[in-house]
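See below for protein.txt, which holds compact mmCIF, C-alpha atoms.
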# COMPACT_ATOMS: atom_id res chain seq x y z
CA MET A 1 0.00 0.00 0.00
CA ASN A 2 2.88 2.37 0.75
CA SER A 3 4.26 2.02 -2.81
CA ILE A 4 0.78 2.74 -4.21
CA ASN A 5 0.63 5.98 -2.21
CA HIS A 6 4.04 7.08 -3.57
CA THR A 7 2.97 6.43 -7.14
CA ARG A 8 -0.34 8.17 -6.58
CA ARG A 9 1.44 11.18 -5.00
CA LYS A 10 3.80 11.45 -7.97
CA TRP A 11 0.88 11.46 -10.42
CA LEU A 12 -1.04 13.99 -8.35
CA SER A 13 2.04 16.23 -8.13
CA LEU A 14 2.59 16.02 -11.88
CA GLY A 15 -1.08 16.84 -12.48
CA GLY A 16 -0.77 19.88 -10.20
CA ILE A 17 2.28 21.12 -12.09
CA VAL A 18 0.55 20.73 -15.45
CA LEU A 19 -2.58 22.46 -14.16
CA GLY A 20 -0.53 25.28 -12.65
CA ALA A 21 1.45 25.77 -15.87
CA SER A 22 -1.76 25.91 -17.92
CA LEU A 23 -2.96 28.84 -15.81
CA LEU A 24 0.17 30.93 -16.53
CA PRO A 25 -0.14 33.62 -19.20
CA ASN A 26 1.27 32.60 -22.61
CA SER A 27 3.61 35.60 -22.61
CA LEU A 28 5.24 34.36 -19.40
CA LEU A 29 5.66 30.86 -20.80
CA ALA A 30 7.21 32.31 -23.96
CA ALA A 31 9.62 34.41 -21.91
CA VAL A 32 10.71 31.38 -19.92
CA SER A 33 11.21 29.17 -23.00
CA THR A 34 12.81 31.77 -25.31
CA PRO A 35 16.56 32.40 -25.01
CA LYS A 36 17.36 35.94 -23.92
CA PRO A 37 18.66 38.14 -26.71
CA ARG A 38 22.25 39.20 -26.41
CA ILE A 39 23.32 42.79 -26.82
CA LEU A 40 26.40 43.02 -29.02
CA ARG A 41 28.39 46.13 -28.20
CA PHE A 42 31.20 47.53 -30.34
CA ARG A 43 33.60 50.43 -29.84
CA ASN A 44 35.80 51.68 -32.65
CA ILE A 45 39.09 52.47 -30.91
CA ASN A 46 40.13 54.85 -33.72
CA THR A 47 37.08 57.11 -33.51
CA GLY A 48 35.80 56.41 -30.00
CA GLU A 49 32.33 55.74 -31.44
CA LYS A 50 30.20 53.09 -29.78
CA PHE A 51 27.24 51.05 -30.89
CA GLY A 52 25.20 48.32 -29.25
CA ALA A 53 22.02 46.58 -30.25
CA GLU A 54 20.02 43.45 -29.62
CA PHE A 55 21.24 40.47 -31.64
CA LEU A 56 19.10 37.37 -32.17
CA PRO A 57 20.94 34.30 -33.48
CA THR A 58 18.08 33.43 -35.83
CA LYS A 59 17.48 36.96 -37.17
CA GLY A 60 20.72 38.85 -36.55
CA PHE A 61 20.62 42.64 -36.34
CA SER A 62 17.84 44.81 -37.70
CA PRO A 63 18.53 46.53 -41.06
CA VAL A 64 18.84 49.87 -39.22
CA ALA A 65 21.42 48.43 -36.82
CA LEU A 66 23.40 46.94 -39.73
CA LYS A 67 23.60 50.36 -41.41
CA LYS A 68 24.90 51.89 -38.18
CA LEU A 69 27.49 49.13 -37.92
CA ASP A 70 28.60 49.76 -41.52
CA TYR A 71 29.28 53.35 -40.48
CA LEU A 72 31.08 52.34 -37.27
CA MET A 73 33.28 49.89 -39.23
CA ARG A 74 34.17 52.43 -41.96
CA ASP A 75 37.75 52.96 -43.17
CA LYS A 76 39.36 55.35 -40.70
CA ARG A 77 41.75 56.72 -43.35
CA ASN A 78 39.16 58.07 -45.79
CA ASN A 79 35.73 57.47 -44.17
CA HIS A 80 34.66 55.09 -46.96
CA MET A 81 31.90 52.71 -45.95
CA HIS A 82 31.00 49.25 -47.17
CA ARG A 83 28.29 46.77 -46.22
CA MET A 84 29.71 44.48 -43.55
CA ASP A 85 28.95 40.77 -43.83
CA PRO A 86 26.18 40.01 -41.27
CA LYS A 87 27.77 36.58 -40.67
CA LEU A 88 30.61 38.39 -38.87
CA PHE A 89 28.21 39.47 -36.16
CA LEU A 90 26.90 35.93 -35.71
CA LYS A 91 30.56 34.96 -35.12
CA PHE A 92 30.81 37.54 -32.35
CA TYR A 93 27.56 36.28 -30.84
CA ARG A 94 28.94 32.74 -30.79
CA LEU A 95 32.33 33.89 -29.51
CA GLN A 96 30.74 35.61 -26.54
CA ALA A 97 28.59 32.54 -25.84
CA ASN A 98 31.64 30.22 -26.01
CA LEU A 99 33.53 32.51 -23.63
CA GLY A 100 30.59 32.77 -21.22
CA LEU A 101 30.30 36.51 -21.83
CA ARG A 102 27.20 38.64 -22.22
CA ASN A 103 26.99 42.17 -23.53
CA THR A 104 30.77 42.65 -23.48
CA GLU A 105 32.27 45.56 -25.40
CA ILE A 106 34.20 44.43 -28.48
CA GLN A 107 37.00 46.83 -29.30
CA VAL A 108 37.29 47.20 -33.07
CA ILE A 109 40.77 47.95 -34.39
CA CYS A 110 39.85 47.60 -38.06
CA GLY A 111 36.65 46.75 -39.87
CA TYR A 112 36.25 47.78 -43.49
CA ARG A 113 39.37 48.87 -45.36
CA SER A 114 39.00 50.50 -48.78
CA PRO A 115 41.06 49.01 -51.63
CA VAL A 116 43.13 52.24 -51.80
CA SER A 117 43.95 52.07 -48.05
CA ASN A 118 44.66 48.35 -48.27
CA ALA A 119 47.05 48.81 -51.22
CA ALA A 120 48.96 51.53 -49.34
CA MET A 121 49.21 49.33 -46.24
CA HIS A 122 50.26 46.33 -48.34
CA ARG A 123 53.14 48.36 -49.82
CA ARG A 124 54.36 49.20 -46.29
CA SER A 125 53.91 45.76 -44.72
CA ARG A 126 54.04 42.21 -46.02
CA GLY A 127 51.63 41.34 -43.17
CA VAL A 128 48.75 43.00 -45.05
CA ALA A 129 47.19 40.76 -47.72
CA SER A 130 46.73 42.34 -51.13
CA ASN A 131 43.29 40.69 -51.37
CA SER A 132 42.29 41.24 -47.74
CA TYR A 133 38.83 40.27 -46.58
CA HIS A 134 38.71 43.72 -44.95
CA THR A 135 38.20 45.20 -48.46
CA ARG A 136 35.06 43.07 -48.87
CA GLY A 137 33.52 43.93 -45.49
CA GLN A 138 34.18 40.37 -44.36
CA ALA A 139 36.80 40.90 -41.63
CA ILE A 140 37.23 42.61 -38.28
CA ASP A 141 40.35 42.98 -36.14
CA PHE A 142 39.41 43.21 -32.46
CA ARG A 143 40.15 42.54 -28.81
CA ILE A 144 38.07 42.36 -25.64
CA ASP A 145 39.37 43.94 -22.42
CA GLY A 146 39.95 41.39 -19.68
CA VAL A 147 40.04 38.40 -22.04
CA PRO A 148 43.52 37.08 -22.85
CA LEU A 149 44.28 37.15 -26.57
CA ALA A 150 45.21 33.46 -26.59
CA LYS A 151 41.80 32.62 -25.11
CA LEU A 152 40.06 34.73 -27.79
CA ARG A 153 42.06 32.98 -30.50
CA HIS A 154 41.19 29.55 -29.13
CA ALA A 155 37.46 30.42 -28.94
CA ALA A 156 37.49 31.81 -32.51
CA GLU A 157 39.27 28.72 -33.83
CA LYS A 158 36.74 26.45 -32.10
CA LEU A 159 33.99 28.03 -34.22
CA ASN A 160 35.67 26.32 -37.18
CA ASN A 161 34.41 28.83 -39.73
CA GLY A 162 36.33 31.56 -41.50
CA GLY A 163 39.82 32.83 -40.90
CA VAL A 164 41.45 33.51 -37.55
CA GLY A 165 44.64 35.54 -37.32
CA TYR A 166 46.53 35.85 -34.04
CA TYR A 167 48.58 39.04 -33.57
CA PRO A 168 49.98 38.95 -30.02
CA ARG A 169 52.51 41.78 -30.42
CA SER A 170 49.91 44.05 -31.98
CA ASN A 171 47.31 42.91 -29.40
CA PHE A 172 44.42 41.85 -31.61
CA ILE A 173 42.64 38.92 -33.23
CA HIS A 174 41.48 38.93 -36.84
CA VAL A 175 38.29 37.07 -37.79
CA ASP A 176 36.73 36.85 -41.22
CA THR A 177 34.04 34.95 -43.09
CA GLY A 178 36.35 33.50 -45.74
CA PRO A 179 37.52 29.87 -45.85
CA VAL A 180 38.66 28.14 -42.65
CA ARG A 181 42.34 28.90 -41.96
CA THR A 182 44.57 30.16 -39.15
CA TRP A 183 47.83 32.09 -38.97
CA ARG A 184 50.05 33.95 -36.57
CA GLY A 185 51.11 37.52 -37.32
CA SER A 186 53.15 39.98 -35.29

For the structure just supplied, provide its representation as structure tokens.
Amino acid sequence: MNSINHTRRKWLSLGGIVLGASLLPNSLLAAVSTPKPRILRFRNINTGEKFGAEFLPTKGFSPVALKKLDYLMRDKRNNHMHRMDPKLFLKFYRLQANLGLRNTEIQVICGYRSPVSNAAMHRRSRGVASNSYHTRGQAIDFRIDGVPLAKLRHAAEKLNNGGVGYYPRSNFIHVDTGPVRTWRGS
């Protein structure tokens, strides 16, 4: 009889939970079951400009937010803008998730680079690719305060998509949406 009471109690408890859940408003149930959006925050270290907006992994940024990011990521040498690849921002969303971070400021060293700027930099340094993904709006050089560069590199490489450049002496990581590859710069 004692085992029958335990089984009966379990079923009654389960019934109470189901009944209680059915009385909750649908909006509350949706809030509990839906992952919280992450705010992606960027600061261009060359201009001091900041931008942050809600990012949803299934939808990305709104079109208005993407236009603001194109402006934030513009070429610092001549103010030329280019549409940035939205897949870059999904990478940053996943990077933050892999690192256990939320709403952390991403310091942008370089986003878009015009072909003219890239050619001038390529002439001065063999470390600048002549066909850089920066010129296509598909690359960002960045760092995050308080996160060791080696840890950022490891997290970016674990994504296993696009390029990851590690520049410890220059204190930044390069990520792009090109083919999977890694390298170490200065």

Using all atoms listed in the file, can you tell me which of A:Arg169, A:Thr135, A:Thr104, A:Val164 comes closest to Thr182 (chain A)?
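That would be A:Val164, the residue with the smallest distance to Thr182 (chain A).
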
Any idea what's packed within 12 Å of Asn98 (chain A), counting only C-alpha atoms, ignoring anything in its chain fewer than 4 positions away? Could you give it as a list in words?
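My list of contacting residues is Lys91, Phe92, Tyr93, Arg94, Arg102, Lys151, Leu152, Arg153, His154, Ala155, Ala156, Glu157, Lys158 and Leu159 of chain A.
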
note - CA of Phe61 (chain A) and CA of Tyr167 (chain A) are separated by 28.3 Å

Using all atoms listed in the file, which residue out of A:Leu95, A:Met81, A:Ala139, A:Leu90 lies closest to Ser114 (chain A)?
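Once distances to Ser114 (chain A) are computed over all atoms listed in the file, the minimum belongs to A:Met81.
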
Env of Phe55 (chain A): 9 Å cut, atoms = all atoms listed in the file, seq-sep filter 5 positions within chain, self excluded. Answer as a PDB file with C-alpha atoms, in the coordinates of the input.
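Output saved as result_6.pdb:
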ATOM      1  CA  PRO A  37      18.660  38.140 -26.710  1.00  0.00           C
ATOM      2  CA  ARG A  38      22.250  39.200 -26.410  1.00  0.00           C
ATOM      3  CA  ILE A  39      23.320  42.790 -26.820  1.00  0.00           C
ATOM      4  CA  LEU A  40      26.400  43.020 -29.020  1.00  0.00           C
ATOM      5  CA  GLY A  60      20.720  38.850 -36.550  1.00  0.00           C
ATOM      6  CA  PHE A  61      20.620  42.640 -36.340  1.00  0.00           C
ATOM      7  CA  SER A  62      17.840  44.810 -37.700  1.00  0.00           C
ATOM      8  CA  PHE A  89      28.210  39.470 -36.160  1.00  0.00           C
ATOM      9  CA  LEU A  90      26.900  35.930 -35.710  1.00  0.00           C
ATOM     10  CA  TYR A  93      27.560  36.280 -30.840  1.00  0.00           C
TER      11      TYR A  93
END

Given all atoms listed in the file as the basis, pick out the residue of A:Thr7, A:Thr177, A:Ser186, A:Gln107 nearest to Glu49 (chain A).
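Among the listed residues, the smallest separation from Glu49 (chain A) belongs to A:Gln107.
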
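Residues in contact with Lys50 (chain A) at 12 Å, where only C-alpha atoms are counted and same-chain residues fewer than 5 positions away are skipped, are listed as Leu40, Arg41, Phe42, Arg43, Asn44, Ile45, Lys68, Leu69, Tyr71, Leu72, Met73, Glu105, Ile106, Gln107 and Val108 of chain A.
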
Measuring between all atoms listed in the file, which one of A:Leu56, A:Leu101, A:Ala65, A:Cys110 shows the shortest distance to Asp176 (chain A)?
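That would be A:Cys110, the residue with the smallest distance to Asp176 (chain A).
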
Rounded to one decimal in Å, what is the spacing between CA of Lys76 (chain A) and CA of Lys59 (chain A)?
28.8 Å

Among A:Tyr133, A:Phe51, A:Tyr112, A:Phe172, Arg74 (chain A) is approached most closely, using all atoms listed in the file, by A:Tyr112

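Picture a line from CA of Gln138 (chain A) to CA of Ala150 (chain A); it runs 22.0 Å.
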